[in-house]
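Note sheet for the following structure.
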Amino acid sequence: MAYKTITQEFLDKSDVSIGDKIKISKEDISYEGILLDRFEDSEDGYIVIKLDNGYNIGTSIENSEIQLLKKGEKPKIQYESKEIPKDPDKKNISVISTGGTVSSIIDYRTGAVHPAFTAGDLIRANPELLDIANYEVKALYNILSENMQPKYWVDSAKAIADDISEGSDGVVVAHGTDTMHYTSAALSFMIESPVPIIVTGAQKSSDRPSTDAFLNLINSVHAAKSDIAEVSVCMHGSLNDAECLLHKGTKVRKMHTSRRDTFRSINSQPIATLKNNKMTINPNYSYHKRNERELKLNNEIEYKVGFIKTFPGISSEYIEYHIDNGYKGLLIEGTGLGHVPDYMLDSLKRAEEENIPVVMSSQCLYGNVNMNVYSTGRKIVDTGVISAEDMTPETAYVKLSWVLGQTNDMNEIKELMAKNIAGEIDDKSSVQNFLN
């Protein structure tokens, strides 16, 4: 129990425990509800109760009287394990859970979020989903997204491909938001799919009344039933529960720590808007249609790829370290048009001499890398550094890992990095993309 000394003594005097229905009164006001737990680091002298209308309130115990109305049990989050029914007239959607906030609950000992739901729990917790599709569910991992590793991309791609080959009409991947854009990019390069692959998540855990998980999940299923046979990310498009946006997996990025509409298309427009169970596709967007391509899995990647962010005072040792420790490729997030300090040129040249490809992206996110404008940039080009064009640093990093899984020939590496493989490169960068 997380209540501290003063509050615990106050509750003990009336034999009140978490889960009991109570009445707390002070002066001319009183509240009735179920006593809830609190975070361990919460301030002493307050309790939290759930009112009959479903709202939770916190109230001070100072000058208050508490009355036990009915003994109860500590609230638990659990769902009966039973087979999910299927309708032969509905599409079959695979739901694969890797963890993250969308499949998490609150640990009231600490207030921390922990991955705890399985993919099946997500369906049973949102029974409305059963009205629109049949489901095959599996929990591939149960981790928060900061613990995601490139080897998990490989496993995820294999699991998705297996489901598609077994007849899935679409796949929804439940994933933590912090590294979701890395995974969506990886899946975009690893899988050519005849059906939609939708990555989704939540900013607030599924056990919270204010969760955004339900709208994201239900719209993701609608997207998985659509004709857009690509890897995409489906998340809230506004702060309220009005709509979701569908973003290309290689053109999306998390842009805010906590907002529901944190995911934005970078150097691109969203593929579609999903609202009131309907999808409106961007008329300017071209996409691979359902069953247009055969399933193809290519999930070989190189794990030893470094990611270096340029900053004032950065040392050449950052590059030298990766060379000395056997890294096979480097992604640099440079300044502006794609620059690093000129005193790092010798280290870049050494990387070229040791057949280690270096790719230059930009911290600016929007616009194209162009190292031919200023003299420093032209010197960088002379060291063999490869432009990331208008790719986000994260997408360029993932692509370099994937390209190095295909070849170690420098000419082929440069050719593949410059080739638009999964919609990651646009020839022109529209001002409208930046404004939106």
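Every chain in the structure tokens takes a letter, A first, then B, and so on in the order presented; its residues are numbered from 1, and the ligands are numbered from 1 following the presented order.
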
Within 9 Å of region 135-158 of chain A, which residues of region 296-388 of chain A show up? Give each one with its shortest atom-to-atom distance in Å (one decimal) and the two atoms involved, counting only C-alpha atoms, rows by chain then rising residue number, as a tab-separated table.
```
residue	atom	partner	partner_atom	distance
A:Leu297	CA	A:Lys158	CA	7.4
A:Asn298	CA	A:Ala157	CA	8.6
A:Asn299	CA	A:Val154	CA	5.5
A:Glu300	CA	A:Val154	CA	7.3
A:Ile301	CA	A:Val154	CA	7.9
A:Glu302	CA	A:Pro150	CA	8.9
A:Tyr303	CA	A:Pro150	CA	6.8
```

Mind writing the picked residues with all heavy atoms as an mmCIF file, in the first residue's frame?
```cif
data_model
loop_
_atom_site.group_PDB
_atom_site.id
_atom_site.type_symbol
_atom_site.label_atom_id
_atom_site.label_comp_id
_atom_site.auth_asym_id
_atom_site.auth_seq_id
_atom_site.Cartn_x
_atom_site.Cartn_y
_atom_site.Cartn_z
ATOM 1 N N LEU A 297 10.134 -11.035 -47.705
ATOM 2 C CA LEU A 297 10.799 -10.717 -46.441
ATOM 3 C C LEU A 297 12.299 -10.655 -46.655
ATOM 4 O O LEU A 297 12.896 -11.585 -47.183
ATOM 5 C CB LEU A 297 10.475 -11.772 -45.383
ATOM 6 C CG LEU A 297 11.208 -11.651 -44.038
ATOM 7 C CD1 LEU A 297 10.786 -10.385 -43.303
ATOM 8 C CD2 LEU A 297 10.961 -12.892 -43.175
ATOM 9 N N ASN A 298 12.887 -9.540 -46.258
ATOM 10 C CA ASN A 298 14.341 -9.390 -46.322
ATOM 11 C C ASN A 298 14.776 -8.663 -45.055
ATOM 12 O O ASN A 298 14.911 -7.438 -45.032
ATOM 13 C CB ASN A 298 14.747 -8.599 -47.572
ATOM 14 C CG ASN A 298 16.248 -8.642 -47.812
ATOM 15 O OD1 ASN A 298 17.014 -8.982 -46.915
ATOM 16 N ND2 ASN A 298 16.679 -8.282 -48.999
ATOM 17 N N ASN A 299 14.958 -9.431 -43.990
ATOM 18 C CA ASN A 299 15.227 -8.821 -42.690
ATOM 19 C C ASN A 299 16.667 -8.986 -42.215
ATOM 20 O O ASN A 299 16.945 -8.962 -41.012
ATOM 21 C CB ASN A 299 14.261 -9.369 -41.637
ATOM 22 C CG ASN A 299 14.338 -10.876 -41.470
ATOM 23 O OD1 ASN A 299 14.959 -11.561 -42.276
ATOM 24 N ND2 ASN A 299 13.707 -11.388 -40.422
ATOM 25 N N GLU A 300 17.582 -9.128 -43.150
ATOM 26 C CA GLU A 300 19.003 -9.133 -42.785
ATOM 27 C C GLU A 300 19.466 -7.697 -42.536
ATOM 28 O O GLU A 300 19.256 -6.815 -43.371
ATOM 29 C CB GLU A 300 19.841 -9.748 -43.907
ATOM 30 C CG GLU A 300 19.565 -11.221 -44.160
ATOM 31 C CD GLU A 300 20.050 -12.086 -43.013
ATOM 32 O OE1 GLU A 300 21.037 -11.700 -42.352
ATOM 33 O OE2 GLU A 300 19.447 -13.158 -42.779
ATOM 34 N N ILE A 301 20.078 -7.466 -41.394
ATOM 35 C CA ILE A 301 20.595 -6.131 -41.097
ATOM 36 C C ILE A 301 21.977 -6.232 -40.461
ATOM 37 O O ILE A 301 22.398 -7.304 -40.005
ATOM 38 C CB ILE A 301 19.667 -5.334 -40.152
ATOM 39 C CG1 ILE A 301 19.582 -6.007 -38.770
ATOM 40 C CG2 ILE A 301 18.287 -5.142 -40.760
ATOM 41 C CD1 ILE A 301 18.877 -5.147 -37.731
ATOM 42 N N GLU A 302 22.670 -5.103 -40.427
ATOM 43 C CA GLU A 302 23.956 -4.994 -39.734
ATOM 44 C C GLU A 302 23.700 -4.302 -38.391
ATOM 45 O O GLU A 302 23.133 -3.209 -38.340
ATOM 46 C CB GLU A 302 24.939 -4.172 -40.570
ATOM 47 C CG GLU A 302 26.242 -3.823 -39.860
ATOM 48 C CD GLU A 302 26.974 -5.036 -39.313
ATOM 49 O OE1 GLU A 302 27.281 -5.946 -40.114
ATOM 50 O OE2 GLU A 302 27.228 -5.068 -38.093
ATOM 51 N N TYR A 303 24.113 -4.940 -37.296
ATOM 52 C CA TYR A 303 23.839 -4.408 -35.971
ATOM 53 C C TYR A 303 24.835 -3.332 -35.536
ATOM 54 O O TYR A 303 24.492 -2.458 -34.737
ATOM 55 C CB TYR A 303 23.825 -5.544 -34.947
ATOM 56 C CG TYR A 303 22.702 -6.525 -35.161
ATOM 57 C CD1 TYR A 303 22.921 -7.750 -35.786
ATOM 58 C CD2 TYR A 303 21.415 -6.223 -34.748
ATOM 59 C CE1 TYR A 303 21.884 -8.646 -35.989
ATOM 60 C CE2 TYR A 303 20.367 -7.119 -34.942
ATOM 61 C CZ TYR A 303 20.613 -8.321 -35.566
ATOM 62 O OH TYR A 303 19.575 -9.197 -35.774
#
```

List every residue of region 329-430 of chain A that has an atom at most 12 Å from any atom of region 229-245 of chain A, and for each one report the closest atom pair and its distance in Å to one decimal, counting only C-alpha atoms, with rows sorted by chain and then by increasing residue number, as a Markdown table.
```
| residue | atom | partner | partner_atom | distance |
| --- | --- | --- | --- | --- |
| A:Ala422 | CA | A:Glu230 | CA | 8.8 |
| A:Gly423 | CA | A:Glu230 | CA | 9.9 |
| A:Glu424 | CA | A:Val231 | CA | 11.7 |
```

Given only C-alpha atoms as the counted atoms, nearest of A:Ser375, A:Ser220, A:Gln406, A:Ser17 to Val48 (chain A): A:Ser17

Non-local contacts of region 57-69 of chain A (6 Å; only C-alpha atoms; under 4 positions in same chain excluded) as a list of chain:residue names: A:Lys21, A:Ile22, A:Lys23, A:Ile24, A:Ser25, A:Lys26, A:Gly45, A:Tyr46, A:Ile47, A:Val48, A:Ile49

Write the selection just made, keeping all heavy atoms, as an mmCIF file, in the first residue's frame?
```
data_model
loop_
_atom_site.group_PDB
_atom_site.id
_atom_site.type_symbol
_atom_site.label_atom_id
_atom_site.label_comp_id
_atom_site.auth_asym_id
_atom_site.auth_seq_id
_atom_site.Cartn_x
_atom_site.Cartn_y
_atom_site.Cartn_z
ATOM 1 N N LYS A 21 -15.524 0.763 0.152
ATOM 2 C CA LYS A 21 -16.366 1.921 -0.124
ATOM 3 C C LYS A 21 -16.447 2.745 1.144
ATOM 4 O O LYS A 21 -16.739 2.226 2.231
ATOM 5 C CB LYS A 21 -17.764 1.506 -0.570
ATOM 6 C CG LYS A 21 -18.604 2.701 -1.002
ATOM 7 C CD LYS A 21 -19.849 2.302 -1.763
ATOM 8 C CE LYS A 21 -20.571 3.549 -2.276
ATOM 9 N NZ LYS A 21 -21.782 3.198 -3.057
ATOM 10 N N ILE A 22 -16.175 4.036 1.001
ATOM 11 C CA ILE A 22 -16.062 4.912 2.169
ATOM 12 C C ILE A 22 -16.857 6.190 1.957
ATOM 13 O O ILE A 22 -17.276 6.512 0.842
ATOM 14 C CB ILE A 22 -14.589 5.270 2.460
ATOM 15 C CG1 ILE A 22 -14.010 6.078 1.273
ATOM 16 C CG2 ILE A 22 -13.760 4.029 2.740
ATOM 17 C CD1 ILE A 22 -12.675 6.724 1.590
ATOM 18 N N LYS A 23 -17.014 6.910 3.048
ATOM 19 C CA LYS A 23 -17.546 8.264 3.015
ATOM 20 C C LYS A 23 -16.597 9.145 3.801
ATOM 21 O O LYS A 23 -16.263 8.833 4.944
ATOM 22 C CB LYS A 23 -18.939 8.312 3.635
ATOM 23 C CG LYS A 23 -19.559 9.708 3.658
ATOM 24 C CD LYS A 23 -20.967 9.654 4.241
ATOM 25 C CE LYS A 23 -21.619 11.033 4.255
ATOM 26 N NZ LYS A 23 -22.993 10.991 4.803
ATOM 27 N N ILE A 24 -16.127 10.206 3.174
ATOM 28 C CA ILE A 24 -15.245 11.139 3.868
ATOM 29 C C ILE A 24 -15.939 12.490 3.920
ATOM 30 O O ILE A 24 -16.483 12.955 2.908
ATOM 31 C CB ILE A 24 -13.860 11.241 3.190
ATOM 32 C CG1 ILE A 24 -12.942 12.132 4.032
ATOM 33 C CG2 ILE A 24 -13.942 11.689 1.752
ATOM 34 C CD1 ILE A 24 -11.477 12.026 3.652
ATOM 35 N N SER A 25 -15.978 13.083 5.123
ATOM 36 C CA SER A 25 -16.731 14.321 5.338
ATOM 37 C C SER A 25 -15.846 15.367 5.976
ATOM 38 O O SER A 25 -14.985 15.059 6.814
ATOM 39 C CB SER A 25 -17.952 14.052 6.239
ATOM 40 O OG SER A 25 -18.736 13.005 5.733
ATOM 41 N N LYS A 26 -16.087 16.612 5.587
ATOM 42 C CA LYS A 26 -15.417 17.746 6.216
ATOM 43 C C LYS A 26 -16.316 18.965 6.067
ATOM 44 O O LYS A 26 -16.917 19.192 5.007
ATOM 45 C CB LYS A 26 -14.050 18.006 5.604
ATOM 46 C CG LYS A 26 -14.055 18.343 4.134
ATOM 47 C CD LYS A 26 -12.668 18.762 3.640
ATOM 48 C CE LYS A 26 -11.712 17.611 3.709
ATOM 49 N NZ LYS A 26 -10.362 18.002 3.242
ATOM 50 N N GLY A 45 -0.990 12.807 3.608
ATOM 51 C CA GLY A 45 -2.109 13.641 4.044
ATOM 52 C C GLY A 45 -3.257 13.722 3.064
ATOM 53 O O GLY A 45 -4.182 14.521 3.265
ATOM 54 N N TYR A 46 -3.232 12.905 2.028
ATOM 55 C CA TYR A 46 -4.291 12.927 1.013
ATOM 56 C C TYR A 46 -4.698 11.495 0.669
ATOM 57 O O TYR A 46 -3.888 10.572 0.756
ATOM 58 C CB TYR A 46 -3.825 13.620 -0.266
ATOM 59 C CG TYR A 46 -3.523 15.089 -0.085
ATOM 60 C CD1 TYR A 46 -2.275 15.495 0.385
ATOM 61 C CD2 TYR A 46 -4.480 16.058 -0.373
ATOM 62 C CE1 TYR A 46 -1.995 16.842 0.567
ATOM 63 C CE2 TYR A 46 -4.205 17.399 -0.202
ATOM 64 C CZ TYR A 46 -2.965 17.795 0.270
ATOM 65 O OH TYR A 46 -2.679 19.122 0.437
ATOM 66 N N ILE A 47 -5.972 11.334 0.273
ATOM 67 C CA ILE A 47 -6.433 10.054 -0.227
ATOM 68 C C ILE A 47 -7.090 10.263 -1.593
ATOM 69 O O ILE A 47 -7.441 11.391 -1.957
ATOM 70 C CB ILE A 47 -7.445 9.373 0.730
ATOM 71 C CG1 ILE A 47 -8.718 10.213 0.880
ATOM 72 C CG2 ILE A 47 -6.795 9.090 2.079
ATOM 73 C CD1 ILE A 47 -9.838 9.502 1.629
ATOM 74 N N VAL A 48 -7.240 9.171 -2.326
ATOM 75 C CA VAL A 48 -7.896 9.209 -3.625
ATOM 76 C C VAL A 48 -9.067 8.242 -3.596
ATOM 77 O O VAL A 48 -8.927 7.097 -3.153
ATOM 78 C CB VAL A 48 -6.934 8.820 -4.764
ATOM 79 C CG1 VAL A 48 -7.686 8.796 -6.106
ATOM 80 C CG2 VAL A 48 -5.777 9.791 -4.835
ATOM 81 N N ILE A 49 -10.241 8.722 -4.059
ATOM 82 C CA ILE A 49 -11.396 7.847 -4.133
ATOM 83 C C ILE A 49 -12.027 7.934 -5.519
ATOM 84 O O ILE A 49 -11.943 8.963 -6.194
ATOM 85 C CB ILE A 49 -12.458 8.176 -3.049
ATOM 86 C CG1 ILE A 49 -13.021 9.583 -3.244
ATOM 87 C CG2 ILE A 49 -11.876 8.003 -1.670
ATOM 88 C CD1 ILE A 49 -14.166 9.883 -2.286
#
```

Residue nearest Thr177 (chain A) among A:Ala161, A:Leu416, A:Ala213, A:Leu345 (counting only C-alpha atoms):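 Closest residue, counting only C-alpha atoms: A:Ala213.
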
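Using only C-alpha atoms, the shortest contact distance between Asp409 (chain A) and any of A:Ala224, A:Ile356, A:Val373, A:Val385 is found at A:Ile356.
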
Contact residues around Ser286 (chain A) with only C-alpha atoms at 9 Å, ignoring same-chain residues under 3 positions, as a PyMOL selection string: chain A and resi 271+282-283

Distance query Gly326 (chain A) at most 12 Å, only C-alpha atoms, self and fewer than 4 positions along chain excluded, as an MDAnalysis selection string: chainID A and resid 302:306 319:322 330 351 354:356

DSSP alpha helix (DSSP H) residues within region 144-366 of chain A, as a ChimeraX atom specification: /A:150-165,180-190,213-224,317-324,345-353

Contacts of Pro393 (chain A) within 12 Å, only C-alpha atoms, excl. fewer than 3 positions in-chain, as a PyMOL selection string: chain A and resi 181-182+185+250-253+266+306-310+330-335+338+359-366+368-369+387-390+396-400+424

Residues of region 234-324 of chain A in strand (DSSP E), written as a PyMOL selection string: chain A and resi 234-236+244-248+252-254+263-265+272-275+278-281+296-297+305-309

Keeping only N, CA and C atoms, write the selected residues to a file as a PDB file, in the first residue's frame.
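Writing the result to selection-v7.pdb gives the following:
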```
ATOM      1  N   CYS A 234      -0.437   4.611 -37.234  1.00  0.00           N
ATOM      2  CA  CYS A 234      -1.753   5.188 -36.980  1.00  0.00           C
ATOM      3  C   CYS A 234      -1.808   5.676 -35.540  1.00  0.00           C
ATOM      4  N   MET A 235      -1.945   7.001 -35.381  1.00  0.00           N
ATOM      5  CA  MET A 235      -2.010   7.602 -34.052  1.00  0.00           C
ATOM      6  C   MET A 235      -2.936   8.809 -34.087  1.00  0.00           C
ATOM      7  N   HIS A 236      -3.245   9.340 -32.914  1.00  0.00           N
ATOM      8  CA  HIS A 236      -4.134  10.497 -32.805  1.00  0.00           C
ATOM      9  C   HIS A 236      -3.671  11.639 -33.711  1.00  0.00           C
ATOM     10  N   CYS A 244      -7.786  10.054 -36.141  1.00  0.00           N
ATOM     11  CA  CYS A 244      -6.421   9.542 -36.206  1.00  0.00           C
ATOM     12  C   CYS A 244      -5.849   9.839 -37.586  1.00  0.00           C
ATOM     13  N   LEU A 245      -4.550   9.901 -37.671  1.00  0.00           N
ATOM     14  CA  LEU A 245      -3.861  10.090 -38.937  1.00  0.00           C
ATOM     15  C   LEU A 245      -3.021   8.860 -39.242  1.00  0.00           C
ATOM     16  N   LEU A 246      -2.925   8.551 -40.520  1.00  0.00           N
ATOM     17  CA  LEU A 246      -2.109   7.439 -40.978  1.00  0.00           C
ATOM     18  C   LEU A 246      -0.872   8.010 -41.647  1.00  0.00           C
ATOM     19  N   HIS A 247       0.312   7.694 -41.100  1.00  0.00           N
ATOM     20  CA  HIS A 247       1.579   8.229 -41.587  1.00  0.00           C
ATOM     21  C   HIS A 247       2.410   7.130 -42.237  1.00  0.00           C
ATOM     22  N   LYS A 248       3.136   7.483 -43.290  1.00  0.00           N
ATOM     23  CA  LYS A 248       4.052   6.539 -43.921  1.00  0.00           C
ATOM     24  C   LYS A 248       5.129   6.141 -42.915  1.00  0.00           C
ATOM     25  N   VAL A 252       7.629   9.331 -40.616  1.00  0.00           N
ATOM     26  CA  VAL A 252       6.941   9.739 -39.405  1.00  0.00           C
ATOM     27  C   VAL A 252       7.919   9.852 -38.252  1.00  0.00           C
ATOM     28  N   ARG A 253       7.572  10.708 -37.289  1.00  0.00           N
ATOM     29  CA  ARG A 253       8.467  10.912 -36.145  1.00  0.00           C
ATOM     30  C   ARG A 253       7.663  11.362 -34.931  1.00  0.00           C
ATOM     31  N   LYS A 254       8.047  10.904 -33.746  1.00  0.00           N
ATOM     32  CA  LYS A 254       7.452  11.396 -32.507  1.00  0.00           C
ATOM     33  C   LYS A 254       8.023  12.779 -32.218  1.00  0.00           C
ATOM     34  N   PHE A 263       2.737  12.268 -33.106  1.00  0.00           N
ATOM     35  CA  PHE A 263       3.341  11.776 -34.343  1.00  0.00           C
ATOM     36  C   PHE A 263       2.966  12.670 -35.521  1.00  0.00           C
ATOM     37  N   ARG A 264       3.984  13.082 -36.261  1.00  0.00           N
ATOM     38  CA  ARG A 264       3.797  13.954 -37.413  1.00  0.00           C
ATOM     39  C   ARG A 264       4.549  13.381 -38.615  1.00  0.00           C
ATOM     40  N   SER A 265       3.989  13.611 -39.787  1.00  0.00           N
ATOM     41  CA  SER A 265       4.692  13.270 -41.022  1.00  0.00           C
ATOM     42  C   SER A 265       5.742  14.339 -41.282  1.00  0.00           C
ATOM     43  N   ALA A 272      -3.605   9.343 -44.795  1.00  0.00           N
ATOM     44  CA  ALA A 272      -5.056   9.360 -44.697  1.00  0.00           C
ATOM     45  C   ALA A 272      -5.492   9.852 -43.326  1.00  0.00           C
ATOM     46  N   THR A 273      -6.764  10.228 -43.244  1.00  0.00           N
ATOM     47  CA  THR A 273      -7.409  10.592 -41.988  1.00  0.00           C
ATOM     48  C   THR A 273      -8.488   9.563 -41.688  1.00  0.00           C
ATOM     49  N   LEU A 274      -8.553   9.106 -40.434  1.00  0.00           N
ATOM     50  CA  LEU A 274      -9.574   8.141 -40.023  1.00  0.00           C
ATOM     51  C   LEU A 274     -10.453   8.799 -38.973  1.00  0.00           C
ATOM     52  N   LYS A 275     -11.749   8.874 -39.284  1.00  0.00           N
ATOM     53  CA  LYS A 275     -12.689   9.562 -38.401  1.00  0.00           C
ATOM     54  C   LYS A 275     -14.053   8.904 -38.523  1.00  0.00           C
ATOM     55  N   LYS A 278     -14.395   5.881 -40.701  1.00  0.00           N
ATOM     56  CA  LYS A 278     -14.218   6.058 -42.136  1.00  0.00           C
ATOM     57  C   LYS A 278     -12.813   6.577 -42.426  1.00  0.00           C
ATOM     58  N   MET A 279     -12.264   6.168 -43.551  1.00  0.00           N
ATOM     59  CA  MET A 279     -10.930   6.604 -43.961  1.00  0.00           C
ATOM     60  C   MET A 279     -11.025   7.529 -45.168  1.00  0.00           C
ATOM     61  N   THR A 280     -10.364   8.682 -45.058  1.00  0.00           N
ATOM     62  CA  THR A 280     -10.261   9.606 -46.181  1.00  0.00           C
ATOM     63  C   THR A 280      -8.808   9.668 -46.606  1.00  0.00           C
ATOM     64  N   ILE A 281      -8.515   9.167 -47.806  1.00  0.00           N
ATOM     65  CA  ILE A 281      -7.136   9.078 -48.284  1.00  0.00           C
ATOM     66  C   ILE A 281      -6.720  10.389 -48.936  1.00  0.00           C
ATOM     67  N   LYS A 296       7.314 -10.459 -49.573  1.00  0.00           N
ATOM     68  CA  LYS A 296       8.760 -10.633 -49.649  1.00  0.00           C
ATOM     69  C   LYS A 296       9.379 -10.162 -48.343  1.00  0.00           C
ATOM     70  N   LEU A 297      10.134 -11.035 -47.705  1.00  0.00           N
ATOM     71  CA  LEU A 297      10.799 -10.717 -46.441  1.00  0.00           C
ATOM     72  C   LEU A 297      12.299 -10.655 -46.655  1.00  0.00           C
ATOM     73  N   VAL A 305      26.078  -0.385 -36.271  1.00  0.00           N
ATOM     74  CA  VAL A 305      25.981   0.897 -36.958  1.00  0.00           C
ATOM     75  C   VAL A 305      25.877   1.984 -35.899  1.00  0.00           C
ATOM     76  N   GLY A 306      26.722   2.990 -36.001  1.00  0.00           N
ATOM     77  CA  GLY A 306      26.745   4.057 -35.008  1.00  0.00           C
ATOM     78  C   GLY A 306      25.857   5.224 -35.405  1.00  0.00           C
ATOM     79  N   PHE A 307      25.433   5.993 -34.407  1.00  0.00           N
ATOM     80  CA  PHE A 307      24.560   7.155 -34.609  1.00  0.00           C
ATOM     81  C   PHE A 307      25.177   8.305 -33.818  1.00  0.00           C
ATOM     82  N   ILE A 308      25.682   9.321 -34.511  1.00  0.00           N
ATOM     83  CA  ILE A 308      26.405  10.414 -33.866  1.00  0.00           C
ATOM     84  C   ILE A 308      25.676  11.727 -34.118  1.00  0.00           C
ATOM     85  N   LYS A 309      25.389  12.461 -33.066  1.00  0.00           N
ATOM     86  CA  LYS A 309      24.755  13.773 -33.183  1.00  0.00           C
ATOM     87  C   LYS A 309      25.816  14.868 -33.086  1.00  0.00           C
TER      88      LYS A 309
END
```

Point-to-point distance in Å for CA of Ile160 (chain A) and CA of Ala223 (chain A): 15.9 Å

Best match for closeness to Val381 (chain A) among A:Val340, A:Ala186, A:Leu404, A:Ile413, counting only C-alpha atoms: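 That would be A:Val340, the residue with the smallest distance to Val381 (chain A).
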
Å distance separating CA of Asp346 (chain A) from CA of Asn370 (chain A), one decimal place: 20.4 Å

Near-Arg293 (chain A) list (12 Å; only C-alpha atoms; drop same-chain fewer than 6 positions) as a PyMOL selection string: chain A and resi 191-196+228-230+287

Separation of CA of Phe311 (chain A) from CA of Ser184 (chain A) in Å: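 Computed distance, CA of Ser184 (chain A) to CA of Phe311 (chain A), equals 27.3 Å.
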